[in-house]
Amino acid sequence: MKELRHGGQPSTNWQTPDGCNHLQGQLRSQLGEKTYLWYEVEFREGDAWAPVEELQGFLRNQVLRHAELCFLHGVRSWHLDEGKQYRLTWHISWSPCPDCASKLVEFLGENSHVSLRIFAARIHTKYRGYEDGLRQLQDAVDHLTIMTLKELQHCWVTFVDNQGQPFEPEIELLENIGAQCQKLESILRNQGN
């Protein structure tokens, strides 16, 4: 995969029949450290949000850079018009680590014309301070939550070359969604030690 891919064409890296399994595999809690980030950009047009089709795509973490930082590196080159309001939507396989959360908070603070919604499949617990990072991020973004079946279906339709096949979630994936939702709610509700 390229570091940043734009355009409305679905990814051929997720083709059916393995596309569904690959997407679900990236969203299960027992898998490795690969982070996939599917993104969409919209701008405010009157009272509604209109998609910017050419700013839609996916990326994943690189050897020395997390997916979130790959995105921030790329978004700066878009030169978004500061006279317009933009909404970024991420569907990401892992929640941001504390360092990425801090950099996202900084980016959003410097770019008041940009808001961010994050739908994460799993909570990244590898790094010390991940809870505080998520709480700081919650204060800076418009929306921080775990992906539900609605968001998974959206990813399937929008980003996967699914060749007309329906998204059929596994039982294990459904159980993981509930557990991750409860865990994130608990983290965001508690202010730490």
# chains A, B, ... in the order shown; residues from 1 in each chain; ligands from 1
call {"tool": "closest_atom_pairs", "arguments": {"of": "segment 86-148 of chain A", "to": "segment 160-176 of chain A", "cutoff": "9 Å", "atoms": "only C-alpha atoms", "output": "tab-separated table"}}
result
residue	atom	partner	partner_atom	distance
A:Ala121	CA	A:Asn176	CA	8.6
A:Arg122	CA	A:Asn176	CA	8.3
A:Thr148	CA	A:Leu174	CA	8.5
call {"tool": "select_by_dssp", "arguments": {"residues": "segment 57-157 of chain A", "states": "helix (DSSP H, G or I)", "output": "VMD selection string"}}
result
chain A and resid 67 to 78 98 to 110 130 to 140 149 to 157
call {"tool": "residues_around", "arguments": {"residues": "Val105 of chain A", "least_positions_apart": "3", "cutoff": "8 Å", "atoms": "only C-alpha atoms", "output": "PyMOL selection string"}}
result
chain A and resi 101-102+108-109+136-137+140-141
call {"tool": "select_by_dssp", "arguments": {"residues": "segment 9-162 of chain A", "states": "strand (DSSP E or B)", "output": "ChimeraX atom specification"}}
result
/A:11,36-45,48-60,62,65,86-92,114-120,143-146,160
call {"tool": "atom_distance", "arguments": {"atom1": "atom CA of Ile123 of chain A", "atom2": "atom CA of Glu54 of chain A"}}
result
29.3 Å
call {"tool": "atom_distance", "arguments": {"atom1": "atom CA of Asp142 of chain A", "atom2": "atom CA of Leu116 of chain A"}}
result
5.7 Å
call {"tool": "residues_around", "arguments": {"residues": "Glu82 of chain A", "least_positions_apart": "3", "cutoff": "9 Å", "atoms": "only C-alpha atoms", "output": "list in words"}}
result
His79, Gln85, Tyr86, Asn111, Ser112, His113 and Val114 of chain A
call {"tool": "write_last_selection", "arguments": {"atoms": "C-alpha atoms", "output": "PDB file, in the first residue's frame"}}
result
ATOM      1  CA  HIS A  79      -3.408  22.963   1.770  1.00  0.00           C
ATOM      2  CA  GLN A  85     -14.686  24.133   7.630  1.00  0.00           C
ATOM      3  CA  TYR A  86     -13.484  20.548   7.103  1.00  0.00           C
ATOM      4  CA  ASN A 111      -6.114  24.135  12.545  1.00  0.00           C
ATOM      5  CA  SER A 112      -9.422  25.439  13.872  1.00  0.00           C
ATOM      6  CA  HIS A 113     -10.979  24.938  10.421  1.00  0.00           C
ATOM      7  CA  VAL A 114     -10.536  21.148  10.769  1.00  0.00           C
TER       8      VAL A 114
END
call {"tool": "residues_around", "arguments": {"residues": "segment 61-66 of chain A", "least_positions_apart": "3", "cutoff": "8 Å", "atoms": "only C-alpha atoms", "output": "ChimeraX atom specification"}}
result
/A:3,34-36,69-70,100
call {"tool": "atom_distance", "arguments": {"atom1": "atom CA of Ile177 of chain A", "atom2": "atom CA of Glu40 of chain A"}}
result
22.0 Å
